[in-house]
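J.: Here it is: the structure, laid out below.
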Amino acid sequence: MKRFTSVLIFFTCLSTACTTFAQSVYLKDKIKEQRKLNHVIGKVVTSPLKSTDSTVVHLADYEGKYLVVDFWYTKCGPCFREFPYLDKIKDLFKENEQLAFINICSISGFDEWKEVIKQRNISGINLFDDNALVSKRRLMGPPKSTGQGIIHDQLYLLGYPSYAFINSKGQVLGATSVPPSDQLLFSYYIDGLLKNRNIDESLKSFIAEVKSEKLSDAFLLFMKERFNLGEADAYKIVLPYKKYF
């Protein structure tokens, strides 16, 4: 944990020292995309999926657990770059048995997907979405298939990788393209999920903390519990975000 904390502080300080303009634009774009997805809050996803042994699985089978769902495909470079960061976040929340991480792959071959999981040793619950003939709304004419998989389409996700947060009742509490490599914000979304706080509420709370001159006791407790950071280091981690919002 101490090593991870040191790495987190190092990269945060490095990002502060390096040019912040590109990072600011990147995060703002991700947040803009996320806000377009706010209408998915409250949705319940019921589409069938497949496990590696071709067993039919539904997300409803995991009712009673809080789910972090990663949408990816086998030719997605950014998806693979984010898996190690997601593994680090899993480690931060490993004590919570109510939390599960699910990877849903689509627009890929089933056998290819199984081979990639094995070769890359992709952790978590791995499921496959081969329901490619899914439609999105059109103003005129017949529905148009995106071919990206039914759950990805139902949530109107904008690309890969994308992430959804689902509470213990099976309700979607939000979706985002903010990646796990943004460890602080992504972890804060998971913390909100565990408190049944939707992603819009978490983002507003996060921005309020960042803009405030004094971090709240609740936020400092979050930093202590998840990153083992004291108050002084917590302020160092938050500092770069003041340029983002």
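Labels used: A, B, ... for chains in the order of the structure tokens, numbers from 1 for residues in each chain, and numbers from 1 for ligands as shown.
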Applying 12 Å and only C-alpha atoms, which residues near A:Lys114 remain after dropping the ones on its own chain fewer than 2 positions away? List them as a count of residues only.
T.: 25
J.: With only C-alpha atoms as the counted atoms, please give the residues lying no more than 9 Å from stretch 233-235 of chain A, apart from itself and same-chain residues fewer than 5 positions off, as JSON, numbers by chain.
T.: {"A": [9, 214, 215, 220, 223, 224, 227]}
J.: Contacts of stretch 29-46 of chain A at 7 Å or less, counting only C-alpha atoms, minus same-chain residues fewer than 5 places along, as an MDAnalysis selection string?
T.: chainID A and resid 58:60 151 155 170:178 200
J.: What's around A:Leu194 at 8 Å? Count only C-alpha atoms, leave out sequence neighbours fewer than 5 positions away in its own chain, and write the answer as an MDAnalysis selection string.
T.: chainID A and resid 66 99 167
J.: Determine which residues of stretch 23-202 of chain A receive a DSSP assignment of strand (DSSP E or B), computed from the backbone, and state them as a PyMOL selection string.
T.: chain A and resi 44+48-50+56-58+66-72+99-105+125-128+135-136+144-145+162-166+171-176
J.: Create the file for the chosen residues now, containing C-alpha atoms and written as a CSV table (one decimal), in the first residue's frame.
T.:
chain,number,residue,atom,x,y,z
A,44,VAL,CA,-31.7,-1.9,-15.3
A,48,PRO,CA,-27.9,-12.2,-21.8
A,49,LEU,CA,-24.2,-12.7,-21.8
A,50,LYS,CA,-21.9,-15.7,-22.1
A,56,VAL,CA,-25.7,-17.9,-20.4
A,57,VAL,CA,-25.3,-15.2,-17.7
A,58,HIS,CA,-27.2,-12.1,-16.8
A,66,TYR,CA,-22.1,-3.6,-6.5
A,67,LEU,CA,-20.7,-3.9,-10.0
A,68,VAL,CA,-17.9,-2.0,-11.8
A,69,VAL,CA,-18.3,-3.0,-15.5
A,70,ASP,CA,-15.5,-2.5,-18.0
A,71,PHE,CA,-16.5,-2.6,-21.7
A,72,TRP,CA,-13.7,-3.6,-24.0
A,99,LEU,CA,-18.0,-5.3,-4.8
A,100,ALA,CA,-17.4,-7.2,-8.1
A,101,PHE,CA,-15.5,-6.2,-11.3
A,102,ILE,CA,-16.9,-7.5,-14.5
A,103,ASN,CA,-15.2,-7.2,-18.0
A,104,ILE,CA,-17.7,-7.4,-20.9
A,105,CYS,CA,-16.2,-7.9,-24.3
A,125,ILE,CA,-15.3,-11.8,-14.1
A,126,ASN,CA,-15.0,-12.1,-17.8
A,127,LEU,CA,-18.2,-12.2,-19.9
A,128,PHE,CA,-18.9,-12.0,-23.6
A,135,SER,CA,-30.5,-0.9,-32.7
A,136,LYS,CA,-30.3,2.7,-31.6
A,144,LYS,CA,-29.9,1.1,-37.1
A,145,SER,CA,-27.6,-1.5,-35.7
A,162,SER,CA,-16.1,2.6,-21.1
A,163,TYR,CA,-17.2,1.9,-17.6
A,164,ALA,CA,-20.6,1.5,-15.8
A,165,PHE,CA,-21.4,1.4,-12.1
A,166,ILE,CA,-24.3,-0.8,-11.0
A,171,GLN,CA,-29.7,-0.2,-11.2
A,172,VAL,CA,-27.1,1.6,-13.3
A,173,LEU,CA,-25.7,4.5,-11.2
A,174,GLY,CA,-23.8,6.0,-14.1
A,175,ALA,CA,-21.4,5.4,-16.9
A,176,THR,CA,-18.1,7.1,-17.9
J.: How far is it from atom CA of A:Gln98 to atom CA of A:Gly64, in Å with one decimal?
T.: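 Atom CA of A:Gly64 lies at a distance of 7.3 Å from atom CA of A:Gln98.
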J.: Quick one: residues within 10 Å of stretch 86-94 of chain A, only C-alpha atoms, excluding same-chain residues fewer than 4 positions away - as a PyMOL selection string?
T.: chain A and resi 1+4+68+70+81-82+98-101+122-124+179-184+186-187+190-191+225-228
J.: Go through A:Tyr160, A:Lys65, A:Phe83, A:Glu231 and flag the residue nearest A:Glu97, using only C-alpha atoms for the distances.
T.: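 Counting only C-alpha atoms, the residue closest to A:Glu97 is A:Lys65.
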